[in-house]
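K.L.:
For reference, the file data_15.cif (mmCIF, C-alpha atoms and all ligand atoms) is included below:
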data_input
loop_
_atom_site.label_atom_id
_atom_site.label_comp_id
_atom_site.auth_asym_id
_atom_site.auth_seq_id
_atom_site.Cartn_x
_atom_site.Cartn_y
_atom_site.Cartn_z
CA MET A 1 -17.46 63.46 -7.53
CA ALA A 2 -18.57 60.60 -5.31
CA LEU A 3 -15.63 58.99 -3.59
CA ILE A 4 -15.60 55.36 -2.59
CA ASN A 5 -14.67 53.90 0.76
CA GLU A 6 -11.14 52.96 -0.25
CA ASN A 7 -10.90 50.38 2.50
CA TYR A 8 -12.91 48.13 0.19
CA LEU A 9 -10.00 48.17 -2.25
CA LYS A 10 -7.86 46.38 0.34
CA LEU A 11 -10.10 43.32 0.20
CA PRO A 12 -9.53 40.24 -1.92
CA GLY A 13 -11.78 40.17 -5.01
CA SER A 14 -14.57 38.06 -3.52
CA TYR A 15 -15.88 36.73 -0.24
CA LEU A 16 -14.62 33.18 0.44
CA PHE A 17 -17.93 31.38 -0.04
CA SER A 18 -18.72 33.35 -3.19
CA GLU A 19 -15.36 32.29 -4.63
CA ILE A 20 -16.10 28.65 -3.85
CA ALA A 21 -19.54 28.94 -5.47
CA ARG A 22 -17.92 30.49 -8.55
CA ARG A 23 -15.43 27.60 -8.87
CA VAL A 24 -18.13 24.98 -8.34
CA ASN A 25 -20.39 26.59 -10.96
CA GLN A 26 -17.51 26.61 -13.42
CA PHE A 27 -16.88 22.91 -12.71
CA LYS A 28 -20.58 22.20 -13.23
CA THR A 29 -20.56 23.98 -16.57
CA ASP A 30 -17.53 21.96 -17.67
CA ASN A 31 -18.90 18.68 -16.22
CA PRO A 32 -22.69 18.84 -16.52
CA GLU A 33 -23.05 15.14 -15.64
CA ALA A 34 -21.14 15.32 -12.36
CA ASP A 35 -23.14 14.54 -9.21
CA ILE A 36 -21.68 17.18 -6.93
CA ILE A 37 -21.98 16.86 -3.14
CA ARG A 38 -21.67 20.16 -1.29
CA LEU A 39 -20.04 20.02 2.11
CA GLY A 40 -18.51 23.47 1.71
CA ILE A 41 -20.53 26.38 3.06
CA GLY A 42 -22.21 25.52 6.34
CA ASP A 43 -25.70 25.62 4.90
CA VAL A 44 -28.23 23.27 6.40
CA THR A 45 -30.33 20.61 4.67
CA ARG A 46 -32.93 19.71 7.30
CA PRO A 47 -36.20 21.60 6.66
CA LEU A 48 -37.91 23.89 9.15
CA SER A 49 -39.50 21.76 11.84
CA PRO A 50 -43.31 21.28 11.97
CA ALA A 51 -43.72 23.42 15.11
CA VAL A 52 -41.85 26.27 13.43
CA VAL A 53 -43.83 26.02 10.19
CA GLU A 54 -47.11 25.92 12.08
CA ALA A 55 -46.23 29.03 14.12
CA MET A 56 -45.13 30.88 11.01
CA LYS A 57 -48.37 30.04 9.18
CA THR A 58 -50.46 31.21 12.13
CA ALA A 59 -48.48 34.45 12.27
CA VAL A 60 -48.93 35.02 8.54
CA ASP A 61 -52.69 34.54 8.98
CA GLU A 62 -52.67 37.09 11.79
CA MET A 63 -50.94 39.54 9.49
CA GLY A 64 -53.80 39.06 7.00
CA HIS A 65 -56.52 40.26 9.38
CA ALA A 66 -57.03 43.86 10.48
CA GLN A 67 -57.61 42.84 14.12
CA THR A 68 -54.34 40.95 14.44
CA PHE A 69 -52.22 42.75 11.86
CA ARG A 70 -48.90 44.17 13.12
CA GLY A 71 -46.87 46.99 11.56
CA TYR A 72 -43.42 47.99 12.72
CA GLY A 73 -42.31 45.89 15.64
CA PRO A 74 -39.78 46.87 18.31
CA GLU A 75 -36.37 47.28 16.64
CA GLN A 76 -34.85 45.14 19.39
CA GLY A 77 -37.33 42.32 18.83
CA TYR A 78 -40.58 41.20 20.46
CA GLU A 79 -40.48 40.42 24.16
CA PHE A 80 -42.37 37.17 23.57
CA LEU A 81 -39.17 35.91 21.94
CA SER A 82 -36.56 37.56 24.16
CA GLU A 83 -38.31 36.22 27.29
CA LYS A 84 -38.13 32.70 25.87
CA ILE A 85 -34.46 33.16 25.02
CA ILE A 86 -33.65 34.24 28.58
CA GLU A 87 -35.74 31.45 30.11
CA ASN A 88 -34.46 28.62 27.92
CA ASP A 89 -31.02 29.53 26.64
CA PHE A 90 -29.54 31.27 29.69
CA LYS A 91 -31.41 30.55 32.94
CA PRO A 92 -30.51 26.85 32.91
CA LEU A 93 -26.84 27.92 32.73
CA GLY A 94 -27.24 30.14 35.78
CA VAL A 95 -27.03 33.28 33.63
CA GLU A 96 -29.52 36.05 34.46
CA LEU A 97 -30.43 38.53 31.73
CA THR A 98 -33.11 41.16 31.24
CA ALA A 99 -35.14 41.53 28.04
CA ASP A 100 -33.42 44.81 27.14
CA GLU A 101 -30.09 42.98 27.01
CA VAL A 102 -31.34 40.78 24.14
CA PHE A 103 -31.27 42.17 20.58
CA ILE A 104 -33.05 40.04 18.00
CA SER A 105 -31.71 40.34 14.49
CA ASP A 106 -31.59 38.66 11.10
CA GLY A 107 -28.28 36.87 11.61
CA ALA A 108 -25.07 36.43 13.56
CA LYS A 109 -23.13 37.27 10.41
CA THR A 110 -24.95 40.61 10.23
CA ASP A 111 -24.44 41.32 13.92
CA THR A 112 -20.77 40.34 14.13
CA ALA A 113 -20.12 42.51 11.07
CA ASN A 114 -22.23 45.47 12.28
CA PHE A 115 -21.49 45.57 15.99
CA PRO A 116 -18.13 47.35 15.53
CA ASP A 117 -20.10 50.30 14.07
CA ILE A 118 -20.25 51.54 17.67
CA LEU A 119 -16.53 50.96 18.32
CA GLY A 120 -13.56 53.17 17.48
CA VAL A 121 -11.70 52.68 14.20
CA ASN A 122 -8.37 52.88 15.99
CA ASN A 123 -9.03 49.81 18.11
CA ILE A 124 -6.55 47.00 17.61
CA ILE A 125 -8.41 43.81 16.80
CA ALA A 126 -7.31 40.28 17.51
CA VAL A 127 -8.67 37.28 15.63
CA THR A 128 -7.87 33.62 15.78
CA ASP A 129 -6.16 32.26 12.69
CA PRO A 130 -7.93 30.42 11.01
CA VAL A 131 -11.01 32.57 11.46
CA TYR A 132 -14.53 33.08 10.10
CA PRO A 133 -13.70 35.62 7.36
CA VAL A 134 -16.54 38.01 8.21
CA TYR A 135 -14.72 39.30 11.31
CA VAL A 136 -11.67 40.24 9.29
CA ASP A 137 -13.36 41.54 6.13
CA SER A 138 -15.84 43.71 8.02
CA ASN A 139 -13.01 45.34 9.97
CA VAL A 140 -11.08 45.93 6.77
CA MET A 141 -14.16 47.67 5.35
CA ALA A 142 -14.40 49.80 8.48
CA GLY A 143 -10.77 50.92 8.18
CA ARG A 144 -9.54 49.14 11.29
CA THR A 145 -6.65 47.43 9.45
CA GLY A 146 -3.74 48.16 7.17
CA LEU A 147 -3.18 46.68 3.72
CA PHE A 148 -3.15 42.99 2.86
CA ASN A 149 0.40 41.74 3.20
CA ASP A 150 0.92 39.21 0.39
CA ASN A 151 4.01 37.69 1.97
CA LYS A 152 2.24 36.92 5.21
CA GLY A 153 -1.17 36.28 3.70
CA GLN A 154 -2.55 38.57 6.43
CA PHE A 155 -3.71 42.14 6.90
CA ASP A 156 -1.30 44.55 8.56
CA GLY A 157 -2.59 45.97 11.79
CA ILE A 158 -4.52 42.87 12.89
CA VAL A 159 -3.19 40.68 15.69
CA TYR A 160 -3.59 37.10 14.50
CA LEU A 161 -3.68 34.35 17.12
CA PRO A 162 -2.58 31.15 15.40
CA CYS A 163 -4.51 27.97 16.16
CA THR A 164 -2.27 25.14 15.10
CA GLU A 165 -1.65 21.49 15.69
CA GLU A 166 1.04 22.49 18.21
CA ASN A 167 -1.37 24.40 20.45
CA GLY A 168 -4.26 22.00 19.91
CA MET A 169 -6.09 24.62 17.79
CA LYS A 170 -6.49 26.82 20.87
CA PRO A 171 -5.48 30.48 20.66
CA GLN A 172 -2.90 31.82 23.09
CA LEU A 173 -3.36 35.20 24.79
CA PRO A 174 -1.92 38.07 22.73
CA THR A 175 1.52 39.26 23.74
CA THR A 176 0.72 42.83 22.74
CA LYS A 177 -2.24 44.89 23.95
CA VAL A 178 -5.41 44.51 21.89
CA ASP A 179 -8.80 46.21 22.25
CA MET A 180 -11.30 43.95 20.48
CA ILE A 181 -11.02 40.17 20.52
CA TYR A 182 -13.13 37.88 18.34
CA LEU A 183 -13.64 34.42 19.76
CA CYS A 184 -15.87 31.79 18.18
CA PHE A 185 -16.51 28.61 20.19
CA PRO A 186 -17.38 25.94 19.23
CA ASN A 187 -15.08 27.16 16.53
CA ASN A 188 -15.75 27.78 12.90
CA PRO A 189 -13.77 26.45 11.06
CA THR A 190 -11.77 24.08 13.32
CA GLY A 191 -14.71 22.62 15.24
CA MET A 192 -12.70 22.86 18.48
CA THR A 193 -13.87 24.18 21.86
CA LEU A 194 -12.44 25.88 24.95
CA THR A 195 -12.99 24.74 28.52
CA LYS A 196 -14.35 27.17 31.07
CA ASP A 197 -10.88 27.69 32.55
CA GLU A 198 -9.45 28.44 29.13
CA LEU A 199 -12.25 30.89 28.41
CA LYS A 200 -11.70 32.52 31.80
CA GLN A 201 -8.17 33.52 30.76
CA TRP A 202 -9.71 35.59 27.97
CA VAL A 203 -12.25 37.21 30.25
CA ASP A 204 -9.46 38.03 32.73
CA TYR A 205 -7.31 39.47 29.93
CA ALA A 206 -10.21 41.63 28.73
CA ARG A 207 -10.91 42.89 32.25
CA GLU A 208 -7.26 43.74 32.85
CA ASN A 209 -6.86 45.50 29.51
CA LYS A 210 -10.33 47.09 29.22
CA ALA A 211 -10.73 45.11 26.02
CA LEU A 212 -13.99 43.83 24.53
CA ILE A 213 -14.67 40.20 23.61
CA LEU A 214 -16.97 39.60 20.65
CA TYR A 215 -18.03 36.05 21.41
CA ASP A 216 -19.66 34.14 18.56
CA ALA A 217 -21.60 31.21 20.03
CA ALA A 218 -23.53 30.38 16.85
CA TYR A 219 -22.64 26.69 17.22
CA GLU A 220 -23.35 26.35 20.95
CA ALA A 221 -26.27 23.95 20.42
CA PHE A 222 -23.93 21.35 18.94
CA ILE A 223 -21.90 20.92 22.15
CA GLN A 224 -22.15 17.30 23.28
CA GLU A 225 -19.73 17.17 26.19
CA ASP A 226 -20.68 18.37 29.67
CA ASN A 227 -17.65 20.42 30.63
CA ILE A 228 -17.77 22.88 27.72
CA PRO A 229 -19.24 26.35 28.41
CA ARG A 230 -22.27 27.17 26.26
CA SER A 231 -22.18 30.87 26.96
CA ILE A 232 -19.29 33.17 27.84
CA TYR A 233 -21.46 34.51 30.67
CA GLU A 234 -20.90 31.25 32.53
CA VAL A 235 -17.48 32.75 33.25
CA GLU A 236 -17.38 35.17 36.17
CA GLY A 237 -16.88 38.77 35.10
CA ALA A 238 -17.80 38.18 31.45
CA ARG A 239 -20.82 40.47 31.70
CA GLU A 240 -18.41 43.40 32.00
CA VAL A 241 -16.39 42.62 28.89
CA ALA A 242 -18.27 40.44 26.41
CA VAL A 243 -21.10 40.55 23.92
CA GLU A 244 -22.40 37.21 22.68
CA PHE A 245 -23.84 36.34 19.28
CA ARG A 246 -26.22 33.43 18.73
CA SER A 247 -28.16 32.14 15.76
CA TYR A 248 -31.08 29.91 14.78
CA SER A 249 -29.56 29.30 11.35
CA LYS A 250 -27.84 26.01 11.98
CA THR A 251 -29.93 24.58 14.80
CA ALA A 252 -33.39 25.33 13.46
CA GLY A 253 -32.75 25.54 9.74
CA PHE A 254 -33.03 29.33 9.61
CA THR A 255 -30.24 29.99 7.09
CA GLY A 256 -32.88 31.10 4.60
CA THR A 257 -35.45 32.31 7.14
CA ARG A 258 -33.04 34.58 9.06
CA CYS A 259 -33.23 35.04 12.80
CA ALA A 260 -30.54 35.40 15.46
CA TYR A 261 -29.83 37.41 18.55
CA THR A 262 -27.07 39.25 20.34
CA ILE A 263 -26.66 39.72 24.08
CA VAL A 264 -25.28 43.07 25.19
CA PRO A 265 -25.19 43.18 29.01
CA LYS A 266 -25.74 46.53 30.68
CA GLU A 267 -22.30 46.39 32.34
CA VAL A 268 -20.28 46.04 29.16
CA LYS A 269 -18.45 49.28 28.40
CA ALA A 270 -16.09 50.92 25.97
CA TYR A 271 -14.34 54.25 26.38
CA ASP A 272 -14.18 57.66 24.71
CA SER A 273 -10.87 59.37 24.03
CA GLN A 274 -11.03 61.03 27.46
CA GLY A 275 -11.24 57.59 29.07
CA ASN A 276 -14.90 57.92 30.08
CA ALA A 277 -16.83 54.65 30.04
CA HIS A 278 -19.98 54.29 27.91
CA SER A 279 -22.58 51.55 27.92
CA LEU A 280 -22.45 49.51 24.74
CA ASN A 281 -26.02 48.40 25.38
CA SER A 282 -27.22 52.01 25.00
CA LEU A 283 -25.06 52.63 21.95
CA TRP A 284 -26.14 49.42 20.25
CA LEU A 285 -29.78 50.26 20.91
CA ARG A 286 -29.18 53.71 19.43
CA ARG A 287 -27.55 52.11 16.38
CA GLN A 288 -30.24 49.48 15.88
CA THR A 289 -33.16 51.89 16.28
CA THR A 290 -31.59 54.08 13.59
CA LYS A 291 -30.45 51.47 11.09
CA PHE A 292 -32.73 48.48 11.65
CA ASN A 293 -36.48 47.91 11.87
CA GLY A 294 -36.43 44.49 13.43
CA VAL A 295 -37.05 40.98 12.18
CA SER A 296 -40.46 40.28 10.63
CA TYR A 297 -43.22 39.18 13.00
CA PRO A 298 -43.83 35.77 11.32
CA VAL A 299 -40.14 34.94 11.59
CA GLN A 300 -39.94 35.89 15.27
CA ALA A 301 -43.13 33.92 15.95
CA ALA A 302 -41.53 30.95 14.17
CA ALA A 303 -38.36 31.34 16.25
CA ALA A 304 -40.41 31.41 19.47
CA ALA A 305 -41.93 28.04 18.51
CA ILE A 306 -38.48 26.48 18.81
CA TYR A 307 -38.93 26.82 22.58
CA SER A 308 -42.25 24.94 22.71
CA GLU A 309 -42.15 21.33 23.93
CA ALA A 310 -42.58 20.02 20.37
CA GLY A 311 -40.15 22.57 18.98
CA LYS A 312 -37.43 21.63 21.47
CA LYS A 313 -37.73 17.94 20.56
CA GLU A 314 -37.60 18.70 16.84
CA ILE A 315 -34.54 20.91 17.21
CA GLN A 316 -32.77 18.31 19.33
CA ALA A 317 -33.45 15.78 16.57
CA ASN A 318 -31.89 18.16 14.01
CA VAL A 319 -28.80 18.60 16.14
CA ARG A 320 -28.57 14.83 16.65
CA TYR A 321 -28.86 14.26 12.90
CA TYR A 322 -26.03 16.66 12.08
CA MET A 323 -23.83 15.43 14.92
CA ASP A 324 -24.30 11.85 13.69
CA ASN A 325 -23.07 13.11 10.32
CA ALA A 326 -20.13 14.75 12.08
CA LYS A 327 -19.25 11.44 13.74
CA LEU A 328 -19.48 9.61 10.42
CA ILE A 329 -17.19 12.13 8.73
CA ARG A 330 -14.75 12.22 11.60
CA GLU A 331 -14.47 8.45 11.92
CA GLY A 332 -14.56 7.87 8.17
CA LEU A 333 -11.67 10.25 7.64
CA ILE A 334 -9.65 8.80 10.52
CA ASN A 335 -10.16 5.31 9.08
CA ALA A 336 -9.03 6.57 5.68
CA GLY A 337 -5.81 7.79 7.30
CA TYR A 338 -6.55 11.51 7.64
CA LYS A 339 -5.60 13.60 10.65
CA VAL A 340 -8.74 15.37 11.86
CA PHE A 341 -9.84 17.95 14.41
CA GLY A 342 -13.31 19.01 15.55
CA GLY A 343 -16.55 17.22 14.77
CA VAL A 344 -17.13 16.22 18.41
CA ASN A 345 -18.80 19.35 19.80
CA ALA A 346 -19.28 21.15 16.49
CA PRO A 347 -20.66 20.43 13.03
CA TYR A 348 -17.30 21.18 11.38
CA ILE A 349 -14.48 18.75 10.71
CA TRP A 350 -11.04 20.22 10.12
CA LEU A 351 -8.69 17.85 8.35
CA LYS A 352 -5.05 18.06 7.50
CA THR A 353 -4.54 17.83 3.76
CA PRO A 354 -2.58 14.71 2.77
CA ASP A 355 0.80 14.80 1.04
CA GLN A 356 1.28 18.43 2.11
CA LEU A 357 -1.13 19.56 -0.59
CA SER A 358 -2.09 23.21 -0.41
CA SER A 359 -5.68 23.63 0.68
CA TRP A 360 -6.84 25.00 -2.71
CA ASP A 361 -5.06 22.12 -4.49
CA PHE A 362 -6.89 19.69 -2.22
CA PHE A 363 -10.13 21.56 -2.99
CA ASP A 364 -9.58 21.06 -6.74
CA LYS A 365 -8.56 17.43 -6.31
CA LEU A 366 -11.58 16.63 -4.16
CA LEU A 367 -13.89 18.38 -6.62
CA ASN A 368 -12.37 16.75 -9.70
CA GLN A 369 -11.84 13.23 -8.39
CA ALA A 370 -14.67 12.82 -5.88
CA ASN A 371 -17.06 15.61 -6.97
CA VAL A 372 -17.19 16.71 -3.34
CA VAL A 373 -17.04 20.38 -2.33
CA GLY A 374 -15.36 21.47 0.89
CA THR A 375 -13.74 24.68 2.10
CA PRO A 376 -10.00 25.27 1.74
CA GLY A 377 -8.40 26.15 5.05
CA ALA A 378 -6.38 28.98 3.50
CA GLY A 379 -9.66 30.82 2.95
CA PHE A 380 -9.91 31.17 6.73
CA GLY A 381 -6.42 32.62 7.16
CA ALA A 382 -2.72 31.89 6.75
CA SER A 383 -2.69 29.28 9.52
CA GLY A 384 -5.47 27.43 7.70
CA GLU A 385 -3.10 26.58 4.86
CA GLY A 386 -2.65 22.82 4.67
CA TYR A 387 -6.08 22.23 6.21
CA PHE A 388 -9.56 21.72 4.85
CA ARG A 389 -13.06 22.01 6.30
CA LEU A 390 -16.01 19.67 5.75
CA THR A 391 -19.43 20.37 7.20
CA ALA A 392 -21.83 17.94 8.81
CA PHE A 393 -24.84 19.84 7.44
CA GLY A 394 -25.37 17.61 4.39
CA THR A 395 -28.02 14.93 4.15
CA ARG A 396 -27.09 11.55 5.63
CA GLU A 397 -27.18 10.00 2.18
CA ASN A 398 -24.81 12.58 0.69
CA THR A 399 -22.51 12.47 3.71
CA GLU A 400 -22.16 8.70 3.38
CA LYS A 401 -21.69 8.97 -0.37
CA ALA A 402 -19.03 11.67 0.02
CA LEU A 403 -17.08 9.56 2.49
CA GLU A 404 -17.23 6.55 0.23
CA ARG A 405 -15.87 8.64 -2.62
CA ILE A 406 -13.12 10.09 -0.43
CA ARG A 407 -12.17 6.53 0.56
CA THR A 408 -12.13 5.15 -2.97
CA LYS A 409 -11.25 8.05 -5.25
CA MET A 410 -8.74 10.14 -3.33
C1 LIG B 501 -19.75 28.83 7.06
O1 LIG B 501 -19.80 27.97 6.19
O2 LIG B 501 -18.71 29.15 7.63
C2 LIG B 501 -21.03 29.48 7.46
O3 LIG B 501 -22.10 28.93 6.81
C3 LIG B 501 -21.00 30.87 7.11
C4 LIG B 501 -22.07 31.62 7.79
O4 LIG B 501 -22.74 31.13 8.69
O5 LIG B 501 -22.22 32.78 7.41
#
What is this structure when it is put down as structure tokens?
Ligand code: MLT

P.N.:
Amino acid sequence: MALINENYLKLPGSYLFSEIARRVNQFKTDNPEADIIRLGIGDVTRPLSPAVVEAMKTAVDEMGHAQTFRGYGPEQGYEFLSEKIIENDFKPLGVELTADEVFISDGAKTDTANFPDILGVNNIIAVTDPVYPVYVDSNVMAGRTGLFNDNKGQFDGIVYLPCTEENGMKPQLPTTKVDMIYLCFPNNPTGMTLTKDELKQWVDYARENKALILYDAAYEAFIQEDNIPRSIYEVEGAREVAVEFRSYSKTAGFTGTRCAYTIVPKEVKAYDSQGNAHSLNSLWLRRQTTKFNGVSYPVQAAAAAIYSEAGKKEIQANVRYYMDNAKLIREGLINAGYKVFGGVNAPYIWLKTPDQLSSWDFFDKLLNQANVVGTPGAGFGASGEGYFRLTAFGTRENTEKALERIRTKM
């Protein structure tokens, strides 16, 4: 008799964004005429840039000729890409890395969910609340949590760090000892950031408690202000305690193409039950070489083109486009009387639902009255109740239309 992994039975029926898609499809069936604008899941609308497309085509041609054909690539990714990552994404920040500290993968979602494979199931995890649901659900699957507590709307055994209006949507250090801390800045879903000093408190906590920070920097490219750290490694000591996840999905339109990378410095360690330290870089390499065969060559070649002169300009234009949307949404909502967070250094706008509506009620109202889809804050955790997320990844036309409808129909 094959037994299941019973941890899966602890999970809610469906993943947040699948549930939203289900509700929207139902609405579409019931209202076939409705012109629905989707500002829910953070999926991008700008196409791949010309430099990226060109590089991908060239790579596909190479794959079609015996002389230039490539079979299995390095599981960790090609050095032509990792060298560009180090040179362009880290050197300018004063962060030195070696190619074997860069692990190229098919997504930050995949990596944040898989990385704990090499970490003990008895570790206590801390997450911000609200939080990107992948961090929580993947740890539930792994057996690192208790059951879902309906009264609290939270899983037992997880330390939740509330991000609320009172603390400016910034998590406070845990008051009990935790072993793994997920931080995502610029934040999904609140769109808020931490300063370097604020981030340093977390690095110091991790160093004092031998904890590990899983730092999701997928939205780093959207930072507009100068004093916001782009990488956790800008903070002294972070190399000992943090891994960092990055992605091309949102900046370069790779949500469907799939390419991302994770930095695992040589110094970062976790411990066996005897207290002996082990290099997570070696363990992650061991894991990846066993379970992963790398990202396809044409996709890595396409990602490398982002770092060409033309590619850089095109990507900057994408970021500008989305951040102009963010500004429109932010200002449009403020003018319509909403209280909003984020949208300044991140492509997400986190609004307080009016009239104390629950976030799913606001979701239904927005869908029914304005035919606009967003993401209910409660889907990101108990502290997200009463909030709602809109993304800046729509087209300009749809973003403007959505705001007009929010102004006139809500
Ligand atoms: C989101 O909407 O939060 C993101 O698109 C989800 C993701 O990147 O997986």

K.L.:
Got a sec: who's within 7 Å of stretch 260-263 of chain A, counting only C-alpha atoms, leaving out chain neighbours fewer than 3 positions off, as a PyMOL selection string?

P.N.:
chain A and resi 101-108+243-248

K.L.:
Hey, could you pull the box centre and edge lengths for ligand LIG 501 (chain B), axis-aligned, 3 Å padding per side, all listed atoms, to one decimal in Å, as JSON?

P.N.:
{"center_x": -20.7, "center_y": 30.4, "center_z": 7.4, "size_x": 10.0, "size_y": 10.8, "size_z": 8.5}

K.L.:
List all protein, DNA and RNA residues that have at least one atom no more than 10 Å from any atom of ligand LIG 501 (chain B), counting all atoms listed in the file, and write them as number ranges by chain.

P.N.:
A: 16-17, 39-44, 107-110, 131-134, 187-189, 218-219, 247, 249-250, 255, 348, 374-375, 380, 389-391, 393

K.L.:
Write a file of the just-selected residues containing C-alpha atoms, as an mmCIF file, in the coordinates of the input.

P.N.:
data_model
loop_
_atom_site.group_PDB
_atom_site.id
_atom_site.type_symbol
_atom_site.label_atom_id
_atom_site.label_comp_id
_atom_site.auth_asym_id
_atom_site.auth_seq_id
_atom_site.Cartn_x
_atom_site.Cartn_y
_atom_site.Cartn_z
ATOM 1 C CA LEU A 16 -14.620 33.180 0.440
ATOM 2 C CA PHE A 17 -17.930 31.380 -0.040
ATOM 3 C CA LEU A 39 -20.040 20.020 2.110
ATOM 4 C CA GLY A 40 -18.510 23.470 1.710
ATOM 5 C CA ILE A 41 -20.530 26.380 3.060
ATOM 6 C CA GLY A 42 -22.210 25.520 6.340
ATOM 7 C CA ASP A 43 -25.700 25.620 4.900
ATOM 8 C CA VAL A 44 -28.230 23.270 6.400
ATOM 9 C CA GLY A 107 -28.280 36.870 11.610
ATOM 10 C CA ALA A 108 -25.070 36.430 13.560
ATOM 11 C CA LYS A 109 -23.130 37.270 10.410
ATOM 12 C CA THR A 110 -24.950 40.610 10.230
ATOM 13 C CA VAL A 131 -11.010 32.570 11.460
ATOM 14 C CA TYR A 132 -14.530 33.080 10.100
ATOM 15 C CA PRO A 133 -13.700 35.620 7.360
ATOM 16 C CA VAL A 134 -16.540 38.010 8.210
ATOM 17 C CA ASN A 187 -15.080 27.160 16.530
ATOM 18 C CA ASN A 188 -15.750 27.780 12.900
ATOM 19 C CA PRO A 189 -13.770 26.450 11.060
ATOM 20 C CA ALA A 218 -23.530 30.380 16.850
ATOM 21 C CA TYR A 219 -22.640 26.690 17.220
ATOM 22 C CA SER A 247 -28.160 32.140 15.760
ATOM 23 C CA SER A 249 -29.560 29.300 11.350
ATOM 24 C CA LYS A 250 -27.840 26.010 11.980
ATOM 25 C CA THR A 255 -30.240 29.990 7.090
ATOM 26 C CA TYR A 348 -17.300 21.180 11.380
ATOM 27 C CA GLY A 374 -15.360 21.470 0.890
ATOM 28 C CA THR A 375 -13.740 24.680 2.100
ATOM 29 C CA PHE A 380 -9.910 31.170 6.730
ATOM 30 C CA ARG A 389 -13.060 22.010 6.300
ATOM 31 C CA LEU A 390 -16.010 19.670 5.750
ATOM 32 C CA THR A 391 -19.430 20.370 7.200
ATOM 33 C CA PHE A 393 -24.840 19.840 7.440
#

K.L.:
Please return, as a PyMOL selection string, all polymer residues that have at least one atom within 12 Å of the point (-40.8, 36.8, 11.3); use all atoms listed in the file and the file's own coordinate frame.

P.N.:
chain A and resi 52-53+55-60+62-63+70-73+77-78+81+104-106+254+256-260+293-305

K.L.:
Could you tell me, as a list in words, which residues have any atom at most 10 Å from (-12.4, 21.9, 21.6), counting all atoms listed in the file?

P.N.:
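Checking each residue against the 10 Å limit leaves Gly168, Met169, Lys170, Phe185, Pro186, Asn187, Thr190, Gly191, Met192, Thr193, Leu194, Thr195, Ile223, Glu225, Ile228, Phe341, Gly342, Gly343, Val344, Asn345 and Ala346 of chain A.
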
K.L.:
I want to know what sits within 10 Å of A:Arg23, based on all atoms listed in the file, with residues of the same chain fewer than 5 positions away left out; could you give that as an NGL selection string?

P.N.:
:A and (17-18 or 28-29 or 363-364 or 367 or 373)

K.L.:
Using only C-alpha atoms, pick whichever of A:Arg286, A:Arg144, A:Lys339, A:Lys352 has the shortest atom-to-atom distance to A:Ala378.

P.N.:
A:Lys352

K.L.:
Which one of A:Lys313, A:Lys10, A:His65, A:Arg239 sits closest to A:Phe148 if you count all atoms listed in the file?

P.N.:
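Ranking A:Lys313, A:Lys10, A:His65, A:Arg239 by distance to A:Phe148, first place goes to A:Lys10.
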
K.L.:
Restricting the calculation to all atoms listed in the file: of A:Val127, A:Met141, A:Ile306, A:Val136, which residue gets closest to A:Leu183?

P.N.:
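Ranked by minimum distance to A:Leu183, first place goes to A:Val127.
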
K.L.:
Give me, as a list in words, all polymer residues having an atom no more than 9 Å from A:Lys177, counting all atoms listed in the file and skipping those fewer than 5 positions away in the same chain.

P.N.:
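These residues fall inside the cut-off: Ile124, Asn209 and Ala211 of chain A.
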
K.L.:
To one decimal place, how far is atom CA of A:Asp197 from atom CA of A:Ser279 in Å?

P.N.:
27.0 Å

K.L.:
Have a look at atom CA of A:Ala310 and atom CA of A:Pro47 and let me know their distance in Å, one decimal.

P.N.:
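A separation of 15.2 Å between them.
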
K.L.:
Can you list, as a list in words, every protein, DNA or RNA residue that comes within 8 Å of A:Thr399 when you count only C-alpha atoms, leaving out same-chain residues fewer than 3 positions away?

P.N.:
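After dropping sequence-adjacent residues, the list is Asn325, Leu328, Ile329, Ala392, Gly394, Thr395, Arg396, Ala402 and Leu403 of chain A.
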
K.L.:
What does the distance between atom CA of A:Asn123 and atom CA of A:Asp179 come to in Å, to one decimal place?

P.N.:
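One can read the atom CA of A:Asn123 to atom CA of A:Asp179 distance as 5.5 Å.
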
K.L.:
Quick one: of A:Gly253, A:Pro354, A:Pro171, A:Pro162, who's nearest to A:Leu333, counting all atoms listed in the file?

P.N.:
A:Pro354

K.L.:
Just want the 8 Å neighbourhood of A:Val140, counted on all atoms listed in the file, with same-chain residues fewer than 5 positions away dropped. Output as a PyMOL selection string.

P.N.:
chain A and resi 7-8+10-11+145-146

K.L.:
Using the atoms already present, construct N, CA and C atoms for stretch 205-209 of chain A and hand them back as a PDB file, in the coordinates of the input.

P.N.:
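Contents of out_13.pdb, as written:
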ATOM      1  N   TYR A 205      -8.123  38.571  30.775  1.00  0.00           N
ATOM      2  CA  TYR A 205      -7.310  39.470  29.930  1.00  0.00           C
ATOM      3  C   TYR A 205      -8.115  40.718  29.573  1.00  0.00           C
ATOM      4  N   ALA A 206      -9.365  40.503  29.158  1.00  0.00           N
ATOM      5  CA  ALA A 206     -10.210  41.630  28.730  1.00  0.00           C
ATOM      6  C   ALA A 206     -10.449  42.581  29.907  1.00  0.00           C
ATOM      7  N   ARG A 207     -10.663  42.028  31.077  1.00  0.00           N
ATOM      8  CA  ARG A 207     -10.910  42.890  32.250  1.00  0.00           C
ATOM      9  C   ARG A 207      -9.659  43.696  32.593  1.00  0.00           C
ATOM     10  N   GLU A 208      -8.513  43.036  32.523  1.00  0.00           N
ATOM     11  CA  GLU A 208      -7.260  43.740  32.850  1.00  0.00           C
ATOM     12  C   GLU A 208      -6.927  44.826  31.843  1.00  0.00           C
ATOM     13  N   ASN A 209      -7.275  44.589  30.579  1.00  0.00           N
ATOM     14  CA  ASN A 209      -6.860  45.500  29.510  1.00  0.00           C
ATOM     15  C   ASN A 209      -8.000  46.386  28.985  1.00  0.00           C
TER      16      ASN A 209
END
